[in-house]
$ cat upload00.txt   # compact mmCIF, C-alpha atoms
# COMPACT_ATOMS: atom_id res chain seq x y z
CA MET A 1 0.00 0.00 0.00
CA LYS A 2 1.24 3.47 -0.90
CA GLN A 3 2.03 5.83 1.97
CA ARG A 4 1.50 9.60 2.04
CA GLU A 5 2.24 12.10 4.75
CA LEU A 6 -1.09 13.97 4.46
CA ILE A 7 -4.22 13.39 2.40
CA VAL A 8 -6.73 16.24 2.04
CA ILE A 9 -10.16 15.17 0.79
CA GLY A 10 -11.96 17.98 -1.03
CA GLY A 11 -10.53 20.73 -3.29
CA GLY A 12 -12.87 23.59 -2.39
CA PRO A 13 -11.85 26.63 -0.34
CA ALA A 14 -11.40 24.58 2.85
CA GLY A 15 -9.27 21.83 1.30
CA MET A 16 -7.06 24.25 -0.65
CA ALA A 17 -6.46 26.50 2.39
CA ALA A 18 -5.70 23.50 4.61
CA ALA A 19 -3.30 21.94 2.08
CA LEU A 20 -1.47 25.24 1.50
CA SER A 21 -1.19 25.93 5.22
CA ALA A 22 0.08 22.41 5.98
CA ARG A 23 2.63 22.79 3.17
CA ASN A 24 3.77 26.17 4.50
CA SER A 25 4.14 24.60 7.94
CA GLY A 26 6.60 22.00 6.66
CA VAL A 27 4.50 19.07 5.43
CA LYS A 28 6.20 17.99 2.21
CA ASP A 29 4.06 15.18 0.82
CA ILE A 30 0.39 16.13 0.40
CA LEU A 31 -2.21 14.47 -1.79
CA LEU A 32 -5.32 16.58 -2.47
CA LEU A 33 -8.34 14.68 -3.80
CA GLU A 34 -11.11 16.49 -5.71
CA ARG A 35 -14.07 14.75 -7.29
CA ASP A 36 -14.80 17.49 -9.86
CA GLN A 37 -12.67 18.29 -12.91
CA TYR A 38 -11.61 21.60 -11.36
CA LEU A 39 -10.49 22.94 -8.02
CA GLY A 40 -12.70 25.51 -6.30
CA GLY A 41 -15.71 23.51 -5.18
CA ILE A 42 -18.98 25.37 -4.87
CA LEU A 43 -17.26 28.76 -5.38
CA ASN A 44 -17.18 28.13 -9.12
CA GLN A 45 -20.95 28.38 -9.36
CA CYS A 46 -21.26 31.33 -6.95
CA VAL A 47 -20.84 34.02 -9.60
CA HIS A 48 -22.14 36.80 -7.31
CA THR A 49 -19.95 39.14 -5.27
CA GLY A 50 -19.53 39.16 -1.51
CA PHE A 51 -16.45 36.97 -1.22
CA GLY A 52 -13.08 38.12 0.09
CA LEU A 53 -14.15 41.24 2.01
CA GLN A 54 -12.56 40.02 5.23
CA TYR A 55 -9.69 37.88 3.94
CA PHE A 56 -8.53 39.97 0.97
CA LYS A 57 -10.28 43.30 1.85
CA GLU A 58 -11.67 43.16 -1.67
CA GLN A 59 -15.06 42.52 -3.21
CA LEU A 60 -14.72 39.31 -5.24
CA THR A 61 -17.00 36.77 -6.89
CA GLY A 62 -16.77 33.07 -6.03
CA PRO A 63 -14.67 32.05 -9.07
CA GLU A 64 -12.27 34.97 -8.46
CA TYR A 65 -11.86 33.94 -4.82
CA ALA A 66 -11.28 30.33 -5.85
CA VAL A 67 -8.65 31.08 -8.48
CA ARG A 68 -6.43 32.89 -5.96
CA PHE A 69 -6.07 29.58 -4.15
CA SER A 70 -6.22 27.14 -7.05
CA ARG A 71 -3.34 28.81 -8.94
CA GLU A 72 -1.25 28.69 -5.76
CA THR A 73 -2.24 25.09 -5.02
CA VAL A 74 -1.35 23.66 -8.43
CA LYS A 75 2.03 25.37 -8.57
CA THR A 76 3.08 24.40 -5.03
CA LYS A 77 5.68 21.62 -5.01
CA GLY A 78 4.73 19.06 -2.41
CA ILE A 79 1.00 19.25 -3.11
CA GLU A 80 -0.20 16.70 -5.65
CA VAL A 81 -3.69 17.50 -6.91
CA SER A 82 -5.76 14.56 -8.12
CA LEU A 83 -8.91 15.67 -9.99
CA ARG A 84 -11.91 13.52 -10.93
CA THR A 85 -11.07 11.51 -7.85
CA PHE A 86 -13.83 10.34 -5.55
CA ALA A 87 -13.02 9.02 -2.07
CA VAL A 88 -15.21 6.02 -1.32
CA LYS A 89 -13.78 4.63 1.92
CA LEU A 90 -12.04 5.87 5.04
CA THR A 91 -10.78 3.74 7.92
CA PRO A 92 -9.65 4.79 11.43
CA ALA A 93 -6.20 3.44 10.45
CA LYS A 94 -6.12 6.44 8.06
CA GLU A 95 -6.48 4.47 4.86
CA VAL A 96 -8.34 6.22 2.06
CA THR A 97 -9.76 4.35 -0.92
CA TYR A 98 -10.61 6.44 -3.96
CA LEU A 99 -11.85 6.03 -7.49
CA LYS A 100 -10.28 7.97 -10.34
CA PRO A 101 -10.46 7.40 -14.08
CA ASP A 102 -9.28 3.83 -14.71
CA LYS A 103 -8.17 3.30 -11.11
CA LEU A 104 -9.26 2.22 -7.65
CA GLU A 105 -6.50 2.88 -5.13
CA THR A 106 -6.01 2.63 -1.40
CA VAL A 107 -3.41 4.84 0.25
CA ARG A 108 -2.39 5.06 3.89
CA ALA A 109 -1.66 8.52 5.30
CA LYS A 110 -0.06 9.69 8.51
CA ALA A 111 -2.75 12.37 8.76
CA ILE A 112 -5.98 13.16 6.93
CA ILE A 113 -7.96 16.38 6.56
CA MET A 114 -11.61 16.04 5.61
CA ALA A 115 -12.80 19.08 3.62
CA THR A 116 -15.83 17.51 1.98
CA GLY A 117 -18.30 20.39 2.38
CA CYS A 118 -22.06 20.15 2.60
CA ARG A 119 -25.12 18.87 0.84
CA GLU A 120 -28.37 20.79 0.58
CA ARG A 121 -31.39 19.67 2.55
CA THR A 122 -34.03 18.27 0.25
CA ARG A 123 -37.80 18.34 -0.12
CA GLU A 124 -37.92 14.93 1.59
CA MET A 125 -36.05 16.23 4.64
CA VAL A 126 -38.61 18.96 5.30
CA HIS A 127 -41.63 16.76 4.53
CA LEU A 128 -43.18 18.84 1.75
CA SER A 129 -46.41 17.16 0.75
CA GLY A 130 -48.24 17.06 -2.57
CA THR A 131 -47.55 15.44 -5.89
CA ARG A 132 -44.08 14.61 -7.18
CA PRO A 133 -43.78 16.47 -10.48
CA ALA A 134 -40.65 17.71 -12.23
CA GLY A 135 -39.65 21.26 -11.30
CA VAL A 136 -38.63 20.87 -7.65
CA PHE A 137 -34.94 21.75 -7.27
CA SER A 138 -32.57 22.56 -4.48
CA ALA A 139 -31.40 26.16 -4.82
CA GLY A 140 -27.78 25.13 -5.35
CA LEU A 141 -28.73 22.72 -8.12
CA ALA A 142 -30.63 25.50 -9.90
CA GLN A 143 -27.54 27.67 -9.43
CA LYS A 144 -25.39 25.02 -11.10
CA LEU A 145 -27.86 24.59 -13.97
CA ILE A 146 -27.95 28.34 -14.69
CA ASN A 147 -24.37 29.42 -13.97
CA ILE A 148 -22.42 26.37 -15.12
CA GLU A 149 -24.66 24.58 -17.62
CA GLY A 150 -26.43 27.66 -19.01
CA PHE A 151 -29.87 26.14 -18.60
CA LEU A 152 -32.77 28.05 -17.01
CA PRO A 153 -34.82 25.44 -15.16
CA GLY A 154 -38.08 27.44 -14.90
CA LYS A 155 -39.95 30.65 -15.65
CA ALA A 156 -42.11 31.18 -12.55
CA VAL A 157 -40.47 30.31 -9.28
CA VAL A 158 -41.53 29.92 -5.65
CA ILE A 159 -38.68 29.66 -3.18
CA VAL A 160 -39.07 27.64 0.01
CA GLY A 161 -36.90 28.96 2.83
CA SER A 162 -34.80 32.09 2.96
CA GLY A 163 -31.31 30.64 3.15
CA ASP A 164 -28.60 32.61 1.35
CA ILE A 165 -28.51 30.40 -1.73
CA GLY A 166 -32.27 30.82 -2.11
CA LEU A 167 -32.00 34.62 -1.90
CA ILE A 168 -29.10 34.72 -4.35
CA MET A 169 -31.08 32.52 -6.73
CA ALA A 170 -34.17 34.73 -6.45
CA ARG A 171 -32.14 37.54 -8.00
CA ARG A 172 -30.44 35.22 -10.46
CA PHE A 173 -33.77 33.95 -11.85
CA ILE A 174 -35.02 37.54 -12.24
CA LEU A 175 -31.83 38.59 -14.06
CA GLU A 176 -32.34 35.64 -16.41
CA GLY A 177 -35.83 36.87 -17.24
CA ALA A 178 -37.88 34.57 -14.99
CA GLN A 179 -40.44 35.62 -12.39
CA VAL A 180 -40.04 34.98 -8.66
CA LYS A 181 -43.54 34.71 -7.21
CA ALA A 182 -42.62 34.58 -3.53
CA ILE A 183 -40.25 33.40 -0.85
CA ILE A 184 -41.98 31.25 1.78
CA GLU A 185 -40.22 31.21 5.17
CA ALA A 186 -41.44 29.12 8.11
CA ARG A 187 -39.69 31.32 10.66
CA ALA A 188 -40.50 34.90 11.67
CA SER A 189 -37.39 36.36 10.03
CA SER A 190 -34.90 35.65 7.25
CA ARG A 191 -32.24 32.99 7.65
CA GLY A 192 -29.98 34.69 5.13
CA LEU A 193 -27.39 37.46 5.39
CA VAL A 194 -28.75 40.99 5.54
CA ARG A 195 -26.89 42.03 2.40
CA ASN A 196 -28.68 39.30 0.47
CA MET A 197 -32.10 40.39 1.78
CA VAL A 198 -31.26 43.93 0.62
CA GLN A 199 -29.77 43.38 -2.82
CA CYS A 200 -31.49 40.16 -3.87
CA VAL A 201 -34.98 40.54 -2.41
CA ARG A 202 -35.82 44.18 -1.60
CA ASP A 203 -34.16 45.54 -4.75
CA PHE A 204 -36.54 43.43 -6.84
CA ASP A 205 -39.66 43.78 -4.63
CA ILE A 206 -39.96 40.02 -4.13
CA PRO A 207 -42.73 39.19 -1.63
CA VAL A 208 -41.52 37.29 1.45
CA HIS A 209 -44.16 35.42 3.46
CA TYR A 210 -42.80 34.83 6.96
CA LEU A 211 -44.51 32.30 9.26
CA HIS A 212 -45.91 30.57 6.19
CA ARG A 213 -45.30 27.17 4.71
CA ILE A 214 -46.19 25.20 1.60
CA ALA A 215 -49.20 22.99 2.31
CA ARG A 216 -48.84 21.13 -0.96
CA ILE A 217 -47.18 21.09 -4.33
CA ASN A 218 -49.62 20.64 -7.23
CA GLY A 219 -49.03 19.38 -10.75
CA ARG A 220 -48.85 16.03 -12.49
CA ASP A 221 -45.83 16.06 -14.80
CA ARG A 222 -44.54 19.54 -14.00
CA VAL A 223 -45.15 21.80 -11.01
CA GLU A 224 -48.30 23.86 -11.69
CA SER A 225 -48.84 25.64 -8.40
CA VAL A 226 -48.29 25.53 -4.65
CA ASP A 227 -50.77 25.98 -1.80
CA VAL A 228 -49.40 28.25 0.91
CA VAL A 229 -50.71 28.54 4.49
CA LYS A 230 -49.99 30.82 7.41
CA THR A 231 -48.82 29.03 10.55
CA ASP A 232 -49.44 29.77 14.22
CA GLU A 233 -46.86 29.73 17.04
CA THR A 234 -47.02 25.93 17.24
CA GLY A 235 -46.38 25.60 13.50
CA ARG A 236 -49.95 24.51 12.71
CA ALA A 237 -51.78 25.87 9.68
CA VAL A 238 -54.17 28.75 10.41
CA GLU A 239 -57.60 27.79 9.14
CA GLY A 240 -58.80 29.76 6.13
CA SER A 241 -55.34 31.24 5.47
CA SER A 242 -54.56 29.09 2.43
CA PHE A 243 -53.77 30.71 -0.91
CA ASN A 244 -52.55 29.34 -4.23
CA LEU A 245 -49.53 30.53 -6.21
CA ALA A 246 -49.19 29.48 -9.85
CA CYS A 247 -45.58 28.49 -10.64
CA ASP A 248 -43.62 25.94 -12.65
CA THR A 249 -40.65 25.67 -10.30
CA VAL A 250 -40.12 25.23 -6.56
CA LEU A 251 -36.66 25.93 -5.14
CA MET A 252 -35.69 24.48 -1.79
CA SER A 253 -33.40 26.67 0.31
CA VAL A 254 -33.81 25.08 3.70
CA GLY A 255 -30.32 24.56 4.99
CA LEU A 256 -27.19 22.50 4.56
CA VAL A 257 -25.98 19.22 6.00
CA PRO A 258 -22.25 18.48 6.35
CA GLU A 259 -21.28 15.66 4.01
CA ASN A 260 -19.62 13.38 6.54
CA GLU A 261 -20.41 9.86 5.34
CA LEU A 262 -16.72 8.97 5.13
CA LEU A 263 -16.10 10.07 8.72
CA GLU A 264 -19.18 8.14 9.79
CA MET A 265 -17.85 5.07 7.98
CA ALA A 266 -14.57 5.39 9.87
CA GLY A 267 -16.45 5.59 13.17
CA ALA A 268 -15.89 9.27 13.98
CA LYS A 269 -18.40 10.95 16.28
CA LEU A 270 -20.91 13.20 14.52
CA ASP A 271 -23.61 15.46 15.94
CA PRO A 272 -26.84 13.49 15.46
CA VAL A 273 -28.86 16.64 14.73
CA THR A 274 -26.59 18.65 12.42
CA ASN A 275 -24.30 15.86 11.09
CA ALA A 276 -21.36 18.21 11.87
CA VAL A 277 -18.22 16.80 13.46
CA ALA A 278 -18.55 16.27 17.21
CA ALA A 279 -15.07 16.92 18.54
CA ALA A 280 -13.37 18.06 21.72
CA ALA A 281 -11.38 20.73 19.88
CA PRO A 282 -11.94 22.76 16.72
CA PHE A 283 -10.99 20.93 13.51
CA ALA A 284 -10.18 17.66 15.31
CA THR A 285 -12.36 14.59 15.02
CA SER A 286 -12.75 11.79 17.57
CA LEU A 287 -10.19 9.82 15.49
CA PRO A 288 -6.51 10.70 16.15
CA GLY A 289 -4.79 12.17 13.10
CA ILE A 290 -8.03 12.76 11.20
CA PHE A 291 -9.04 16.42 11.04
CA ALA A 292 -11.97 18.27 9.46
CA CYS A 293 -12.48 21.83 8.24
CA GLY A 294 -14.84 23.99 6.23
CA ASN A 295 -18.49 23.10 5.90
CA ALA A 296 -17.74 19.47 6.75
CA PHE A 297 -16.73 20.63 10.22
CA LYS A 298 -19.65 23.05 10.67
CA VAL A 299 -21.82 25.11 8.34
CA TYR A 300 -20.35 28.56 7.64
CA ASP A 301 -22.02 31.71 6.28
CA VAL A 302 -18.94 33.35 4.78
CA VAL A 303 -16.07 31.71 2.87
CA ASP A 304 -13.51 34.10 4.36
CA SER A 305 -14.05 32.41 7.74
CA VAL A 306 -13.65 29.01 6.08
CA THR A 307 -10.24 30.05 4.74
CA ARG A 308 -9.12 31.44 8.10
CA ASP A 309 -10.20 28.32 10.01
CA SER A 310 -8.93 25.83 7.42
CA ASP A 311 -5.58 27.56 7.67
CA SER A 312 -5.57 26.67 11.39
CA CYS A 313 -6.64 23.13 10.55
CA GLY A 314 -3.67 22.72 8.18
CA LEU A 315 -1.35 23.96 10.91
CA MET A 316 -2.88 21.51 13.40
CA ALA A 317 -2.28 18.62 11.01
CA ALA A 318 1.32 19.79 10.51
CA LYS A 319 1.88 19.86 14.27
CA TYR A 320 0.39 16.39 14.57
CA LEU A 321 2.94 15.28 11.97
CA GLY A 322 5.73 16.76 14.08
CA LYS A 323 6.24 19.87 11.94
CA ALA A 324 5.67 23.54 12.70
CA MET B 1 -35.26 59.54 9.09
CA ASN B 2 -34.43 56.65 6.74
CA LYS B 3 -33.50 53.21 8.06
CA LEU B 4 -30.87 51.36 6.06
CA ILE B 5 -28.87 48.22 6.58
CA CYS B 6 -25.26 48.62 5.51
CA ILE B 7 -24.23 45.81 3.13
CA GLU B 8 -20.55 46.71 2.81
CA CYS B 9 -19.63 43.66 4.86
CA PRO B 10 -21.44 40.77 6.57
CA VAL B 11 -21.87 42.69 9.88
CA GLY B 12 -24.90 44.55 8.50
CA CYS B 13 -24.98 47.70 10.68
CA GLU B 14 -28.42 49.31 11.03
CA LEU B 15 -28.04 52.89 9.89
CA SER B 16 -30.35 55.80 10.67
CA VAL B 17 -29.95 58.43 7.99
CA ASP B 18 -31.23 62.01 8.05
CA VAL B 19 -32.25 63.05 4.56
CA ALA B 20 -33.21 66.45 3.15
CA ASP B 21 -34.10 67.08 -0.51
CA GLY B 22 -32.81 63.63 -1.50
CA LYS B 23 -29.41 64.36 0.08
CA MET B 24 -27.91 62.77 3.18
CA VAL B 25 -27.51 65.14 6.12
CA SER B 26 -26.18 62.77 8.80
CA VAL B 27 -25.90 59.08 9.63
CA ALA B 28 -25.81 57.10 12.89
CA GLY B 29 -25.40 53.43 13.75
CA ASN B 30 -22.36 52.65 11.58
CA GLN B 31 -19.39 50.83 13.14
CA CYS B 32 -16.88 52.00 10.52
CA PRO B 33 -16.39 54.81 7.97
CA ARG B 34 -17.59 52.60 5.11
CA GLY B 35 -21.08 52.98 6.58
CA VAL B 36 -21.06 56.74 5.95
CA ALA B 37 -20.08 56.35 2.31
CA TYR B 38 -22.54 53.52 1.87
CA ALA B 39 -25.45 55.53 3.31
CA ARG B 40 -24.72 58.54 1.10
CA VAL B 41 -24.60 56.50 -2.09
CA GLU B 42 -27.56 54.31 -1.11
CA ILE B 43 -29.74 57.38 -0.45
CA GLU B 44 -28.52 59.62 -3.26
CA SER B 45 -27.84 57.13 -6.10
CA PRO B 46 -27.79 53.42 -5.16
CA LEU B 47 -25.09 51.30 -6.83
CA ARG B 48 -24.83 47.53 -7.29
CA TYR B 49 -22.35 45.18 -8.88
CA PHE B 50 -23.86 43.36 -11.82
CA THR B 51 -22.83 39.70 -11.83
CA GLY B 52 -23.98 36.99 -14.20
CA THR B 53 -22.83 34.72 -16.99
CA VAL B 54 -22.37 34.92 -20.74
CA ALA B 55 -22.50 31.97 -23.11
CA ALA B 56 -19.13 30.49 -24.09
CA ARG B 57 -18.89 28.76 -27.46
CA GLY B 58 -16.42 25.96 -28.16
CA LEU B 59 -14.57 26.55 -24.88
CA GLU B 60 -13.97 24.49 -21.73
CA PHE B 61 -17.13 25.79 -20.01
CA ALA B 62 -20.62 26.38 -21.37
CA MET B 63 -20.91 29.60 -19.40
CA LEU B 64 -18.35 32.26 -18.50
CA PRO B 65 -19.05 34.11 -15.23
CA VAL B 66 -18.79 37.91 -15.51
CA ARG B 67 -19.18 41.07 -13.43
CA THR B 68 -18.91 44.79 -13.80
CA SER B 69 -15.49 46.15 -12.80
CA THR B 70 -17.17 48.53 -10.32
CA PRO B 71 -20.78 48.93 -9.14
CA ILE B 72 -23.28 50.48 -11.55
CA PRO B 73 -26.52 52.37 -10.89
CA ARG B 74 -29.11 49.98 -9.50
CA SER B 75 -31.58 51.24 -12.09
CA ARG B 76 -29.38 49.78 -14.88
CA ILE B 77 -29.11 46.22 -13.49
CA MET B 78 -31.89 44.68 -15.63
CA GLU B 79 -30.42 46.29 -18.72
CA ALA B 80 -27.00 44.85 -17.81
CA ALA B 81 -28.55 41.39 -17.43
CA ALA B 82 -30.24 41.62 -20.84
CA ALA B 83 -26.95 42.71 -22.45
CA ALA B 84 -25.08 39.77 -20.87
CA ARG B 85 -27.77 37.33 -22.05
CA ALA B 86 -27.37 38.59 -25.60
CA MET B 87 -23.56 38.13 -25.55
CA SER B 88 -21.27 35.20 -26.17
CA VAL B 89 -17.52 34.61 -26.17
CA ALA B 90 -15.71 32.25 -28.56
CA LYS B 91 -12.06 32.92 -27.66
CA PRO B 92 -10.34 31.72 -24.49
CA VAL B 93 -10.26 34.38 -21.76
CA ALA B 94 -8.44 34.82 -18.46
CA CYS B 95 -9.99 35.82 -15.16
CA GLY B 96 -10.00 39.63 -14.97
CA GLU B 97 -9.91 40.15 -18.75
CA ILE B 98 -12.11 42.96 -20.10
CA LEU B 99 -14.93 41.67 -22.32
CA VAL B 100 -16.72 44.99 -22.92
CA LYS B 101 -15.08 48.35 -22.35
CA GLY B 102 -17.55 51.08 -21.39
CA PHE B 103 -20.32 48.57 -20.67
CA LEU B 104 -23.80 50.11 -21.27
CA GLY B 105 -22.07 53.40 -22.09
CA LEU B 106 -20.91 53.71 -18.46
CA THR B 107 -17.32 54.23 -17.34
CA VAL B 108 -17.36 50.60 -16.24
CA ASP B 109 -16.07 47.43 -17.91
CA LEU B 110 -17.62 43.99 -18.07
CA ILE B 111 -14.92 41.54 -16.98
CA ALA B 112 -14.50 37.76 -16.93
CA THR B 113 -14.32 36.28 -13.42
CA ARG B 114 -12.93 32.87 -14.33
CA ASP B 115 -10.24 31.50 -16.63
CA CYS B 116 -12.01 29.93 -19.59
CA PRO B 117 -9.44 27.89 -21.56
CA PRO B 118 -9.93 26.08 -24.88
CA LYS B 119 -11.89 22.86 -24.70
CA THR B 120 -9.78 19.99 -23.30
CA LEU B 121 -12.04 16.94 -23.35
$ encode --input "upload00.txt" --output "structure tokens"
Amino acid sequence: MKQRELIVIGGGPAGMAAALSARNSGVKDILLLERDQYLGGILNQCVHTGFGLQYFKEQLTGPEYAVRFSRETVKTKGIEVSLRTFAVKLTPAKEVTYLKPDKLETVRAKAIIMATGCRERTREMVHLSGTRPAGVFSAGLAQKLINIEGFLPGKAVVIVGSGDIGLIMARRFILEGAQVKAIIEARASSRGLVRNMVQCVRDFDIPVHYLHRIARINGRDRVESVDVVKTDETGRAVEGSSFNLACDTVLMSVGLVPENELLEMAGAKLDPVTNAVAAAAPFATSLPGIFACGNAFKVYDVVDSVTRDSDSCGLMAAKYLGKA
Amino acid sequence: MNKLICIECPVGCELSVDVADGKMVSVAGNQCPRGVAYARVEIESPLRYFTGTVAARGLEFAMLPVRTSTPIPRSRIMEAAAAARAMSVAKPVACGEILVKGFLGLTVDLIATRDCPPKTL
């Protein structure tokens, strides 16, 4: 079995910052695994501004923020980047098995950093009732379809939840010529950043219905409408409050779940509610020598904080390896 | 008295702005000087970055992400979006490269925000 000093799983902002920081702290043999064809992770589809204000003191878009790290990562001797590489197994003995074109390999590392990010919560996870037509997307998937694939998935959109990706996508759909009928938020206030409420929602006069929820999705082959109800303090529907919104698309923006299946497989402790890493210290896991950073460790609002913290995580791994 | 939320950074200070004849007289609630500048512009002539994508033809990606080099008047955002939708690029571009100089007749450029190399696969 091949041996490496440090394996970093995930080539988004967390994985790149952690790998660079470990390298700068004296770790000389780093393998960075990324399942996509490019480094950068979710930043590549976040074409809006708002990145870098704290870390670079500049207003950058996601791809611009990503490229500052990806150029550095690929030219750094001592970091080997493996693209189109999907980690499928992790053991507490720090063995990683991954699939890449034409290959299935297992490598043992002295330390591992998990930087696997998040998944979006789905319709199923929030128990949205109704029919099961086409046209129900997670907000991030719609973002990928529009910004990466160049495909507008709908013309009349209702957004469920007011998470940041949902707010960003409200504006994005409008800029692409679609209509956003409403944002439906179960809570009494927005879950998203203030700047997104201002420049994505208020700027375009998008109605936000707080303390409301979708009672059902209607439509046979494609979404045709949603029924919306007001809820009381206990979350129950207020009788007679139901109204119907015609739409062809429902976007789910109801939170993120750390993607920690590999850690779970290795027997690391996870928080049963959030699926974030349950650890005694930041960026450690319950398994010695296996660390976690970025959205896999906990869900962040701002990428600048991910970079700052993943930097610390890289340093921790270096110290564990007897460097720094 | 106008209530604004500063969006210069993720803190989101709540600003109270005194306005007379469409001009800012004073501002309170800001934690840093950027709040003062933000309030003046937001009251007197709000500005926003335009960000979006333009179609890429025969290149590595189907879509090239773009933005304006500096913020533009908020009232021109829909026009900027329509212009970007009507555009396409066919030659490889580098992140930061100018695609349209004087975009919409403003003293602002439309720039690429990602390297878009020739097709590899």
$ closest_residue --input "upload00.txt" --among "B:Ser16, B:Val25, B:Val54, B:Cys6" --to "Glu42 of chain B" --atoms "only C-alpha atoms"
B:Cys6
$ interface_residues --input "upload00.txt" --of "chain A" --to "chain B" --cutoff "10 Å" --atoms "only C-alpha atoms" --output "PyMOL selection string"
chain A and resi 44-54+57+59-67+146-151+172+174-177+193-199+203+301-302
$ write_last_selection --input "upload00.txt" --atoms "C-alpha atoms" --output "PDB file, in the frame of the given file"
ATOM      1  CA  ASN A  44     -17.180  28.130  -9.120  1.00  0.00           C
ATOM      2  CA  GLN A  45     -20.950  28.380  -9.360  1.00  0.00           C
ATOM      3  CA  CYS A  46     -21.260  31.330  -6.950  1.00  0.00           C
ATOM      4  CA  VAL A  47     -20.840  34.020  -9.600  1.00  0.00           C
ATOM      5  CA  HIS A  48     -22.140  36.800  -7.310  1.00  0.00           C
ATOM      6  CA  THR A  49     -19.950  39.140  -5.270  1.00  0.00           C
ATOM      7  CA  GLY A  50     -19.530  39.160  -1.510  1.00  0.00           C
ATOM      8  CA  PHE A  51     -16.450  36.970  -1.220  1.00  0.00           C
ATOM      9  CA  GLY A  52     -13.080  38.120   0.090  1.00  0.00           C
ATOM     10  CA  LEU A  53     -14.150  41.240   2.010  1.00  0.00           C
ATOM     11  CA  GLN A  54     -12.560  40.020   5.230  1.00  0.00           C
ATOM     12  CA  LYS A  57     -10.280  43.300   1.850  1.00  0.00           C
ATOM     13  CA  GLN A  59     -15.060  42.520  -3.210  1.00  0.00           C
ATOM     14  CA  LEU A  60     -14.720  39.310  -5.240  1.00  0.00           C
ATOM     15  CA  THR A  61     -17.000  36.770  -6.890  1.00  0.00           C
ATOM     16  CA  GLY A  62     -16.770  33.070  -6.030  1.00  0.00           C
ATOM     17  CA  PRO A  63     -14.670  32.050  -9.070  1.00  0.00           C
ATOM     18  CA  GLU A  64     -12.270  34.970  -8.460  1.00  0.00           C
ATOM     19  CA  TYR A  65     -11.860  33.940  -4.820  1.00  0.00           C
ATOM     20  CA  ALA A  66     -11.280  30.330  -5.850  1.00  0.00           C
ATOM     21  CA  VAL A  67      -8.650  31.080  -8.480  1.00  0.00           C
ATOM     22  CA  ILE A 146     -27.950  28.340 -14.690  1.00  0.00           C
ATOM     23  CA  ASN A 147     -24.370  29.420 -13.970  1.00  0.00           C
ATOM     24  CA  ILE A 148     -22.420  26.370 -15.120  1.00  0.00           C
ATOM     25  CA  GLU A 149     -24.660  24.580 -17.620  1.00  0.00           C
ATOM     26  CA  GLY A 150     -26.430  27.660 -19.010  1.00  0.00           C
ATOM     27  CA  PHE A 151     -29.870  26.140 -18.600  1.00  0.00           C
ATOM     28  CA  ARG A 172     -30.440  35.220 -10.460  1.00  0.00           C
ATOM     29  CA  ILE A 174     -35.020  37.540 -12.240  1.00  0.00           C
ATOM     30  CA  LEU A 175     -31.830  38.590 -14.060  1.00  0.00           C
ATOM     31  CA  GLU A 176     -32.340  35.640 -16.410  1.00  0.00           C
ATOM     32  CA  GLY A 177     -35.830  36.870 -17.240  1.00  0.00           C
ATOM     33  CA  LEU A 193     -27.390  37.460   5.390  1.00  0.00           C
ATOM     34  CA  VAL A 194     -28.750  40.990   5.540  1.00  0.00           C
ATOM     35  CA  ARG A 195     -26.890  42.030   2.400  1.00  0.00           C
ATOM     36  CA  ASN A 196     -28.680  39.300   0.470  1.00  0.00           C
ATOM     37  CA  MET A 197     -32.100  40.390   1.780  1.00  0.00           C
ATOM     38  CA  VAL A 198     -31.260  43.930   0.620  1.00  0.00           C
ATOM     39  CA  GLN A 199     -29.770  43.380  -2.820  1.00  0.00           C
ATOM     40  CA  ASP A 203     -34.160  45.540  -4.750  1.00  0.00           C
ATOM     41  CA  ASP A 301     -22.020  31.710   6.280  1.00  0.00           C
ATOM     42  CA  VAL A 302     -18.940  33.350   4.780  1.00  0.00           C
TER      43      VAL A 302
END
$ atom_distance --input "upload00.txt" --atom1 "atom CA of Glu34 of chain A" --atom2 "atom CA of Thr91 of chain A"
18.7 Å
$ atom_distance --input "upload00.txt" --atom1 "atom CA of Gly314 of chain A" --atom2 "atom CA of Cys293 of chain A"
8.9 Å
$ atom_distance --input "upload00.txt" --atom1 "atom CA of His209 of chain A" --atom2 "atom CA of Ala182 of chain A"
7.2 Å
$ residues_around --input "upload00.txt" --residues "Lys3 of chain B" --least-positions-apart "5" --cutoff "10 Å" --atoms "all atoms listed in the file" --output "ChimeraX atom specification"
/B:14-18,27-29,39
$ residues_around --input "upload00.txt" --residues "Gly78 of chain A" --least-positions-apart "4" --cutoff "9 Å" --atoms "all atoms listed in the file" --output "ChimeraX atom specification"
/A:23,27-31
$ closest_residue --input "upload00.txt" --among "A:Val254, A:Ala246, A:Thr231, A:Tyr55" --to "Ser190 of chain A" --atoms "only C-alpha atoms"
A:Val254
$ closest_residue --input "upload00.txt" --among "A:Pro288, A:Gly294, A:Gly130, A:Gly240" --to "Lys269 of chain A" --atoms "only C-alpha atoms"
A:Pro288
$ residues_around --input "upload00.txt" --residues "Leu20 of chain A" --least-positions-apart "5" --cutoff "10 Å" --atoms "only C-alpha atoms" --output "compact mmCIF listing (two decimals) with C-alpha atoms, in the coordinates of the input"
# COMPACT_ATOMS: atom_id res chain seq x y z
CA GLY A 15 -9.27 21.83 1.30
CA SER A 25 4.14 24.60 7.94
CA VAL A 27 4.50 19.07 5.43
CA ILE A 30 0.39 16.13 0.40
CA PHE A 69 -6.07 29.58 -4.15
CA SER A 70 -6.22 27.14 -7.05
CA GLU A 72 -1.25 28.69 -5.76
CA THR A 73 -2.24 25.09 -5.02
CA THR A 76 3.08 24.40 -5.03
CA GLY A 78 4.73 19.06 -2.41
CA ILE A 79 1.00 19.25 -3.11
CA SER A 310 -8.93 25.83 7.42
CA ASP A 311 -5.58 27.56 7.67
CA GLY A 314 -3.67 22.72 8.18
CA LEU A 315 -1.35 23.96 10.91
